[in-house]
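Colleague: Got a structure for you, query.cif, holding mmCIF, C-alpha atoms and all ligand atoms.
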data_data
#
loop_
_atom_site.group_PDB
_atom_site.id
_atom_site.type_symbol
_atom_site.label_atom_id
_atom_site.label_comp_id
_atom_site.auth_asym_id
_atom_site.auth_seq_id
_atom_site.Cartn_x
_atom_site.Cartn_y
_atom_site.Cartn_z
ATOM 1 C CA MET U 1 18.243 -0.496 -7.460
ATOM 2 C CA LYS U 2 19.824 2.080 -5.189
ATOM 3 C CA THR U 3 23.073 0.947 -3.658
ATOM 4 C CA ASP U 4 23.876 3.413 -0.893
ATOM 5 C CA GLN U 5 23.499 2.097 2.638
ATOM 6 C CA ASN U 6 20.662 4.410 3.617
ATOM 7 C CA ALA U 7 18.480 3.147 0.781
ATOM 8 C CA TYR U 8 18.388 -0.330 2.372
ATOM 9 C CA THR U 9 15.166 -0.752 4.322
ATOM 10 C CA ILE U 10 14.182 -3.652 6.553
ATOM 11 C CA ILE U 11 10.506 -4.161 7.335
ATOM 12 C CA VAL U 12 9.603 -6.423 10.240
ATOM 13 C CA GLY U 13 6.134 -7.969 9.958
ATOM 14 C CA CYS U 14 4.544 -8.896 6.636
ATOM 15 C CA GLY U 15 0.937 -8.121 7.549
ATOM 16 C CA ARG U 16 -1.215 -5.799 5.473
ATOM 17 C CA LEU U 17 0.795 -2.727 6.408
ATOM 18 C CA GLY U 18 4.247 -4.320 6.138
ATOM 19 C CA ALA U 19 3.483 -6.042 2.819
ATOM 20 C CA ASN U 20 1.999 -2.917 1.251
ATOM 21 C CA LEU U 21 4.959 -0.840 2.349
ATOM 22 C CA ALA U 22 7.394 -3.451 1.002
ATOM 23 C CA ASN U 23 5.545 -3.541 -2.332
ATOM 24 C CA ALA U 24 5.583 0.260 -2.566
ATOM 25 C CA LEU U 25 9.315 0.524 -1.767
ATOM 26 C CA SER U 26 10.109 -2.240 -4.235
ATOM 27 C CA ASP U 27 8.052 -0.484 -6.930
ATOM 28 C CA ALA U 28 10.111 2.648 -6.182
ATOM 29 C CA GLN U 29 13.291 0.632 -6.864
ATOM 30 C CA GLU U 30 14.370 0.715 -3.188
ATOM 31 C CA ASN U 31 16.380 -2.122 -1.675
ATOM 32 C CA VAL U 32 14.036 -3.792 0.765
ATOM 33 C CA LEU U 33 14.031 -6.899 2.906
ATOM 34 C CA ILE U 34 10.957 -8.062 4.795
ATOM 35 C CA ILE U 35 11.002 -10.408 7.783
ATOM 36 C CA ASP U 36 8.083 -12.420 9.130
ATOM 37 C CA LYS U 37 7.990 -15.429 11.426
ATOM 38 C CA ASN U 38 5.281 -16.969 9.258
ATOM 39 C CA LYS U 39 6.391 -17.645 5.687
ATOM 40 C CA ASP U 40 2.760 -17.796 4.497
ATOM 41 C CA ALA U 41 2.602 -14.064 5.218
ATOM 42 C CA PHE U 42 4.802 -13.460 2.163
ATOM 43 C CA ARG U 43 1.807 -14.361 -0.037
ATOM 44 C CA LYS U 44 0.702 -10.778 0.564
ATOM 45 C CA LEU U 45 3.690 -9.517 -1.412
ATOM 46 C CA SER U 46 2.880 -8.631 -5.000
ATOM 47 C CA PRO U 47 4.147 -10.873 -7.831
ATOM 48 C CA SER U 48 6.338 -7.970 -8.958
ATOM 49 C CA TYR U 49 7.981 -7.596 -5.527
ATOM 50 C CA GLY U 50 11.704 -7.386 -6.177
ATOM 51 C CA GLY U 51 13.050 -7.338 -2.618
ATOM 52 C CA LEU U 52 14.104 -10.089 -0.259
ATOM 53 C CA ALA U 53 11.921 -11.998 2.208
ATOM 54 C CA THR U 54 13.230 -13.861 5.258
ATOM 55 C CA ALA U 55 11.190 -16.190 7.443
ATOM 56 C CA ALA U 56 12.439 -15.648 10.995
ATOM 57 C CA ASP U 57 11.345 -14.591 14.440
ATOM 58 C CA ALA U 58 12.455 -10.968 14.641
ATOM 59 C CA THR U 59 13.194 -11.275 18.361
ATOM 60 C CA ASP U 60 16.103 -13.574 17.417
ATOM 61 C CA LEU U 61 19.225 -11.409 17.421
ATOM 62 C CA ASP U 62 21.087 -13.824 15.103
ATOM 63 C CA ALA U 63 18.253 -13.570 12.558
ATOM 64 C CA LEU U 64 18.494 -9.778 12.572
ATOM 65 C CA GLN U 65 22.252 -10.026 12.132
ATOM 66 C CA GLU U 66 21.837 -12.420 9.190
ATOM 67 C CA ALA U 67 19.290 -10.034 7.673
ATOM 68 C CA GLY U 68 22.042 -7.409 7.609
ATOM 69 C CA MET U 69 20.351 -4.979 9.958
ATOM 70 C CA VAL U 70 23.657 -3.256 10.569
ATOM 71 C CA LYS U 71 23.608 -2.123 6.903
ATOM 72 C CA ALA U 72 20.059 -0.774 6.984
ATOM 73 C CA GLY U 73 19.394 2.962 6.888
ATOM 74 C CA THR U 74 15.777 2.442 7.888
ATOM 75 C CA VAL U 75 13.971 -0.222 9.896
ATOM 76 C CA VAL U 76 10.176 -0.266 10.081
ATOM 77 C CA VAL U 77 8.750 -2.543 12.782
ATOM 78 C CA VAL U 78 5.091 -3.393 12.186
ATOM 79 C CA THR U 79 4.335 -6.762 13.736
ATOM 80 C CA ASN U 80 1.001 -7.152 15.524
ATOM 81 C CA ASN U 81 2.746 -7.406 18.891
ATOM 82 C CA ASP U 82 3.785 -4.242 20.744
ATOM 83 C CA ASN U 83 6.274 -6.142 22.903
ATOM 84 C CA VAL U 84 8.011 -7.481 19.802
ATOM 85 C CA ASN U 85 7.940 -4.038 18.227
ATOM 86 C CA VAL U 86 9.496 -2.436 21.327
ATOM 87 C CA MET U 87 12.234 -5.048 21.497
ATOM 88 C CA VAL U 88 13.128 -5.094 17.786
ATOM 89 C CA ALA U 89 13.048 -1.308 17.488
ATOM 90 C CA GLN U 90 15.402 -0.981 20.455
ATOM 91 C CA LEU U 91 17.759 -3.608 19.012
ATOM 92 C CA ALA U 92 17.767 -1.731 15.706
ATOM 93 C CA ARG U 93 18.672 1.542 17.435
ATOM 94 C CA GLU U 94 20.970 0.405 20.199
ATOM 95 C CA VAL U 95 22.727 -2.689 18.812
ATOM 96 C CA PHE U 96 22.683 -2.095 15.052
ATOM 97 C CA LYS U 97 22.773 1.746 15.215
ATOM 98 C CA VAL U 98 20.132 2.133 12.513
ATOM 99 C CA ARG U 99 19.595 5.827 11.729
ATOM 100 C CA GLU U 100 15.831 5.779 11.166
ATOM 101 C CA VAL U 101 13.660 3.422 13.202
ATOM 102 C CA ILE U 102 9.874 3.540 12.927
ATOM 103 C CA ALA U 103 7.550 1.313 14.917
ATOM 104 C CA ARG U 104 3.814 0.751 14.991
ATOM 105 C CA LEU U 105 2.335 0.850 18.465
ATOM 106 C CA TYR U 106 -1.158 -0.283 19.363
ATOM 107 C CA ASP U 107 -0.783 1.066 22.895
ATOM 108 C CA PRO U 108 -0.056 4.823 22.728
ATOM 109 C CA GLU U 109 1.062 4.866 26.352
ATOM 110 C CA ARG U 110 4.246 3.067 25.381
ATOM 111 C CA GLU U 111 5.345 5.963 23.239
ATOM 112 C CA CYS U 112 7.516 7.379 26.036
ATOM 113 C CA VAL U 113 9.706 4.250 25.880
ATOM 114 C CA TYR U 114 10.403 4.884 22.224
ATOM 115 C CA ARG U 115 11.036 8.603 22.630
ATOM 116 C CA GLU U 116 13.831 7.792 25.029
ATOM 117 C CA PHE U 117 15.508 5.682 22.333
ATOM 118 C CA ASP U 118 14.862 8.115 19.465
ATOM 119 C CA ILE U 119 12.390 5.806 17.746
ATOM 120 C CA LYS U 120 9.509 7.241 15.710
ATOM 121 C CA THR U 121 6.102 5.777 16.398
ATOM 122 C CA ILE U 122 2.884 5.309 14.481
ATOM 123 C CA CYS U 123 -0.196 4.628 16.586
ATOM 124 C CA PRO U 124 -3.249 3.569 14.511
ATOM 125 C CA ALA U 125 -5.719 4.510 17.252
ATOM 126 C CA VAL U 126 -4.316 8.023 17.590
ATOM 127 C CA LEU U 127 -4.135 8.537 13.819
ATOM 128 C CA SER U 128 -7.704 7.293 13.439
ATOM 129 C CA MET U 129 -8.960 9.603 16.168
ATOM 130 C CA LYS U 130 -7.253 12.566 14.531
ATOM 131 C CA GLU U 131 -8.855 11.720 11.172
ATOM 132 C CA ILE U 132 -12.296 11.234 12.721
ATOM 133 C CA GLU U 133 -11.991 14.560 14.537
ATOM 134 C CA LYS U 134 -11.025 16.173 11.246
ATOM 135 C CA ILE U 135 -14.075 14.678 9.514
ATOM 136 C CA LEU U 136 -16.259 15.849 12.374
ATOM 137 C CA GLY U 137 -14.790 19.342 11.993
ATOM 138 C CA LYS U 138 -13.380 19.541 15.494
ATOM 139 C CA LYS U 139 -11.254 22.520 16.383
ATOM 140 C CA PRO U 140 -7.461 22.098 15.990
ATOM 141 C CA THR U 141 -6.995 22.664 19.730
ATOM 142 C CA GLU U 142 -8.734 19.365 20.378
ATOM 143 C CA VAL U 143 -6.395 17.612 17.915
ATOM 144 C CA THR U 144 -3.406 19.183 19.671
ATOM 145 C CA HIS U 145 -4.774 18.018 22.989
ATOM 146 C CA LEU U 146 -5.120 14.489 21.585
ATOM 147 C CA ALA U 147 -1.517 14.510 20.351
ATOM 148 C CA GLN U 148 -0.305 15.544 23.788
ATOM 149 C CA ALA U 149 -2.272 12.755 25.378
ATOM 150 C CA GLU U 150 -0.460 10.038 23.319
HETATM 151 P P1 LIG D 1 -0.820 -7.616 10.797
HETATM 152 O O1 LIG D 1 -1.494 -7.921 12.099
HETATM 153 O O2 LIG D 1 -1.686 -7.901 9.590
HETATM 154 O O3 LIG D 1 -0.211 -6.257 10.745
HETATM 155 O O4 LIG D 1 0.423 -8.658 10.678
HETATM 156 C C1 LIG D 1 1.480 -8.659 11.562
HETATM 157 C C2 LIG D 1 2.532 -9.653 11.086
HETATM 158 O O5 LIG D 1 3.588 -9.664 12.072
HETATM 159 C C3 LIG D 1 2.057 -11.109 10.942
HETATM 160 O O6 LIG D 1 2.309 -11.563 9.610
HETATM 161 C C4 LIG D 1 2.899 -11.882 11.971
HETATM 162 O O7 LIG D 1 3.270 -13.199 11.515
HETATM 163 C C5 LIG D 1 4.116 -10.983 12.121
HETATM 164 N N1 LIG D 1 4.858 -11.187 13.372
HETATM 165 C C6 LIG D 1 4.335 -11.222 14.622
HETATM 166 N N2 LIG D 1 5.312 -11.458 15.526
HETATM 167 C C7 LIG D 1 6.475 -11.593 14.816
HETATM 168 C C8 LIG D 1 7.821 -11.858 15.180
HETATM 169 N N3 LIG D 1 8.203 -12.064 16.459
HETATM 170 N N4 LIG D 1 8.755 -11.928 14.199
HETATM 171 C C9 LIG D 1 8.412 -11.734 12.895
HETATM 172 N N5 LIG D 1 7.146 -11.489 12.501
HETATM 173 C C10 LIG D 1 6.180 -11.411 13.438
#
Would you write out, as structure tokens, the structure that this file holds?
Modeller:
Amino acid sequence: MKTDQNAYTIIVGCGRLGANLANALSDAQENVLIIDKNKDAFRKLSPSYGGLATAADATDLDALQEAGMVKAGTVVVVTNNDNVNVMVAQLAREVFKVREVIARLYDPERECVYREFDIKTICPAVLSMKEIEKILGKKPTEVTHLAQAE
């Protein structure tokens, strides 16, 4: 396992995306901790998962403190709730001073909130539209236009 601070990743939300990411990082020998409010969600982790798993509501500041968020180099926030993702991502940046914060956003219009706090965003709807446009052979200008409309 890597020991430097920036190799410690916290994933918030153990849904399909969070669990797969945690499994992949663990397979790559990264130090990873995954948080979910529902402990049954950890069943999605692979039997070979070598990281930590904490059952907690990620909006609880004490829980984030106990998870050692201050030591994390990267925090990835992928719960199914944009409000939770906004709040946790901002706590990671502003309170715990995490260098790299990535959040999934269902509502692309919230992206401006994140930009202000230097948080990177992934929006499934926008990514899907870009891929569909690519498959349909749309001109790159239309893809650029889509990106600007996020
Ligand atoms: P999915 O919709 O498959 O990406 O899963 C999202 C995951 O986020 C679920 O396992 C939820 O239990 C989890 N989740 C939602 N809200 C919170 C929260 N406040 N704290 C921790 N985990 C959460």
Colleague: Using all atoms listed in the file, which of U:Ala19, U:Ala58, U:Val86, U:Ala125 sits nearest ligand LIG 1 (chain D)?
Modeller: U:Ala58
Colleague: Which residues would end up in the selection if the PyMOL selection byres (((not hetatm)) within 10 of (chain D and resi 1)) were applied here, given that I need the answer as a PyMOL selection string?
Modeller: chain U and resi 11-19+34-42+44+54-60+63+77-85+87-88+104
Colleague: Write out as AutoDock Vina command-line options an axis-aligned box for segment 104-115 of chain U: all of its atoms listed in the file, 3 Å added on each side, centre and edge lengths in Å with one decimal.
Modeller:
--center_x 4.9 --center_y 4.2 --center_z 20.7 --size_x 18.2 --size_y 14.9 --size_z 17.4
Colleague: Just give me the gap between atom CA of Asn31 of chain U and atom CA of Gly50 of chain U in Å, one decimal is fine.
Modeller: 8.4 Å
Colleague: Between U:Glu116, U:Gln90, U:Leu52, U:Thr9, which one has atoms that come closest to Met69 of chain U, using all atoms listed in the file?
Modeller: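 Between U:Glu116, U:Gln90, U:Leu52, U:Thr9, the residue approaching Met69 of chain U most closely is U:Thr9.
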Colleague: Supply segment 120-131 of chain U as a PDB file, keeping the file's coordinate frame, with all heavy atoms built in where the input has gaps.
Modeller:
ATOM      1  N   LYS U 120      10.768   6.586  16.106  1.00  0.00           N
ATOM      2  CA  LYS U 120       9.509   7.241  15.710  1.00  0.00           C
ATOM      3  C   LYS U 120       8.368   6.234  15.795  1.00  0.00           C
ATOM      4  O   LYS U 120       8.562   5.063  15.483  1.00  0.00           O
ATOM      5  CB  LYS U 120       9.632   7.778  14.285  1.00  0.00           C
ATOM      6  CG  LYS U 120      10.706   8.847  14.169  1.00  0.00           C
ATOM      7  CD  LYS U 120      10.659   9.562  12.850  1.00  0.00           C
ATOM      8  CE  LYS U 120      11.678  10.682  12.827  1.00  0.00           C
ATOM      9  NZ  LYS U 120      13.044  10.206  12.574  1.00  0.00           N
ATOM     10  N   THR U 121       7.217   6.708  16.219  1.00  0.00           N
ATOM     11  CA  THR U 121       6.102   5.777  16.398  1.00  0.00           C
ATOM     12  C   THR U 121       4.887   6.173  15.572  1.00  0.00           C
ATOM     13  O   THR U 121       4.641   7.348  15.309  1.00  0.00           O
ATOM     14  CB  THR U 121       5.660   5.718  17.881  1.00  0.00           C
ATOM     15  OG1 THR U 121       5.328   7.028  18.299  1.00  0.00           O
ATOM     16  CG2 THR U 121       6.744   5.146  18.751  1.00  0.00           C
ATOM     17  N   ILE U 122       4.159   5.135  15.173  1.00  0.00           N
ATOM     18  CA  ILE U 122       2.884   5.309  14.481  1.00  0.00           C
ATOM     19  C   ILE U 122       1.854   4.567  15.324  1.00  0.00           C
ATOM     20  O   ILE U 122       2.008   3.360  15.565  1.00  0.00           O
ATOM     21  CB  ILE U 122       2.915   4.637  13.077  1.00  0.00           C
ATOM     22  CG1 ILE U 122       4.047   5.196  12.212  1.00  0.00           C
ATOM     23  CG2 ILE U 122       1.575   4.751  12.386  1.00  0.00           C
ATOM     24  CD1 ILE U 122       3.870   6.612  11.780  1.00  0.00           C
ATOM     25  N   CYS U 123       0.843   5.275  15.770  1.00  0.00           N
ATOM     26  CA  CYS U 123      -0.196   4.628  16.586  1.00  0.00           C
ATOM     27  C   CYS U 123      -1.534   4.702  15.834  1.00  0.00           C
ATOM     28  O   CYS U 123      -2.117   5.785  15.704  1.00  0.00           O
ATOM     29  CB  CYS U 123      -0.294   5.314  17.940  1.00  0.00           C
ATOM     30  SG  CYS U 123      -1.564   4.566  18.958  1.00  0.00           S
ATOM     31  N   PRO U 124      -2.020   3.552  15.315  1.00  0.00           N
ATOM     32  CA  PRO U 124      -3.249   3.569  14.511  1.00  0.00           C
ATOM     33  C   PRO U 124      -4.433   4.208  15.235  1.00  0.00           C
ATOM     34  O   PRO U 124      -5.199   4.940  14.613  1.00  0.00           O
ATOM     35  CB  PRO U 124      -3.518   2.087  14.228  1.00  0.00           C
ATOM     36  CG  PRO U 124      -2.194   1.424  14.383  1.00  0.00           C
ATOM     37  CD  PRO U 124      -1.444   2.194  15.423  1.00  0.00           C
ATOM     38  N   ALA U 125      -4.568   3.957  16.522  1.00  0.00           N
ATOM     39  CA  ALA U 125      -5.719   4.510  17.252  1.00  0.00           C
ATOM     40  C   ALA U 125      -5.659   6.032  17.291  1.00  0.00           C
ATOM     41  O   ALA U 125      -6.672   6.716  17.090  1.00  0.00           O
ATOM     42  CB  ALA U 125      -5.751   3.947  18.671  1.00  0.00           C
ATOM     43  N   VAL U 126      -4.466   6.560  17.518  1.00  0.00           N
ATOM     44  CA  VAL U 126      -4.316   8.023  17.590  1.00  0.00           C
ATOM     45  C   VAL U 126      -4.536   8.646  16.216  1.00  0.00           C
ATOM     46  O   VAL U 126      -5.250   9.646  16.078  1.00  0.00           O
ATOM     47  CB  VAL U 126      -2.920   8.397  18.150  1.00  0.00           C
ATOM     48  CG1 VAL U 126      -2.698   9.897  18.076  1.00  0.00           C
ATOM     49  CG2 VAL U 126      -2.784   7.903  19.586  1.00  0.00           C
ATOM     50  N   LEU U 127      -3.947   8.020  15.181  1.00  0.00           N
ATOM     51  CA  LEU U 127      -4.135   8.537  13.819  1.00  0.00           C
ATOM     52  C   LEU U 127      -5.607   8.508  13.427  1.00  0.00           C
ATOM     53  O   LEU U 127      -6.126   9.458  12.839  1.00  0.00           O
ATOM     54  CB  LEU U 127      -3.317   7.714  12.813  1.00  0.00           C
ATOM     55  CG  LEU U 127      -1.801   7.836  12.890  1.00  0.00           C
ATOM     56  CD1 LEU U 127      -1.157   6.936  11.852  1.00  0.00           C
ATOM     57  CD2 LEU U 127      -1.353   9.271  12.687  1.00  0.00           C
ATOM     58  N   SER U 128      -6.286   7.415  13.775  1.00  0.00           N
ATOM     59  CA  SER U 128      -7.704   7.293  13.439  1.00  0.00           C
ATOM     60  C   SER U 128      -8.521   8.356  14.158  1.00  0.00           C
ATOM     61  O   SER U 128      -9.405   8.981  13.571  1.00  0.00           O
ATOM     62  CB  SER U 128      -8.225   5.901  13.832  1.00  0.00           C
ATOM     63  OG  SER U 128      -7.484   4.920  13.169  1.00  0.00           O
ATOM     64  N   MET U 129      -8.222   8.582  15.412  1.00  0.00           N
ATOM     65  CA  MET U 129      -8.960   9.603  16.168  1.00  0.00           C
ATOM     66  C   MET U 129      -8.762  10.978  15.561  1.00  0.00           C
ATOM     67  O   MET U 129      -9.709  11.759  15.443  1.00  0.00           O
ATOM     68  CB  MET U 129      -8.521   9.600  17.639  1.00  0.00           C
ATOM     69  CG  MET U 129      -9.159   8.477  18.422  1.00  0.00           C
ATOM     70  SD  MET U 129      -8.761   8.540  20.151  1.00  0.00           S
ATOM     71  CE  MET U 129      -9.680   9.979  20.663  1.00  0.00           C
ATOM     72  N   LYS U 130      -7.527  11.260  15.151  1.00  0.00           N
ATOM     73  CA  LYS U 130      -7.253  12.566  14.531  1.00  0.00           C
ATOM     74  C   LYS U 130      -8.064  12.732  13.252  1.00  0.00           C
ATOM     75  O   LYS U 130      -8.634  13.787  12.989  1.00  0.00           O
ATOM     76  CB  LYS U 130      -5.759  12.710  14.227  1.00  0.00           C
ATOM     77  CG  LYS U 130      -4.920  13.009  15.458  1.00  0.00           C
ATOM     78  CD  LYS U 130      -3.450  13.126  15.084  1.00  0.00           C
ATOM     79  CE  LYS U 130      -2.602  13.372  16.309  1.00  0.00           C
ATOM     80  NZ  LYS U 130      -1.173  13.299  16.024  1.00  0.00           N
ATOM     81  N   GLU U 131      -8.107  11.661  12.436  1.00  0.00           N
ATOM     82  CA  GLU U 131      -8.855  11.720  11.172  1.00  0.00           C
ATOM     83  C   GLU U 131     -10.355  11.885  11.430  1.00  0.00           C
ATOM     84  O   GLU U 131     -11.039  12.662  10.760  1.00  0.00           O
ATOM     85  CB  GLU U 131      -8.605  10.453  10.340  1.00  0.00           C
ATOM     86  CG  GLU U 131      -7.282  10.456   9.604  1.00  0.00           C
ATOM     87  CD  GLU U 131      -7.093  11.687   8.723  1.00  0.00           C
ATOM     88  OE1 GLU U 131      -7.968  11.976   7.890  1.00  0.00           O
ATOM     89  OE2 GLU U 131      -6.063  12.377   8.870  1.00  0.00           O
TER      90      GLU U 131
END
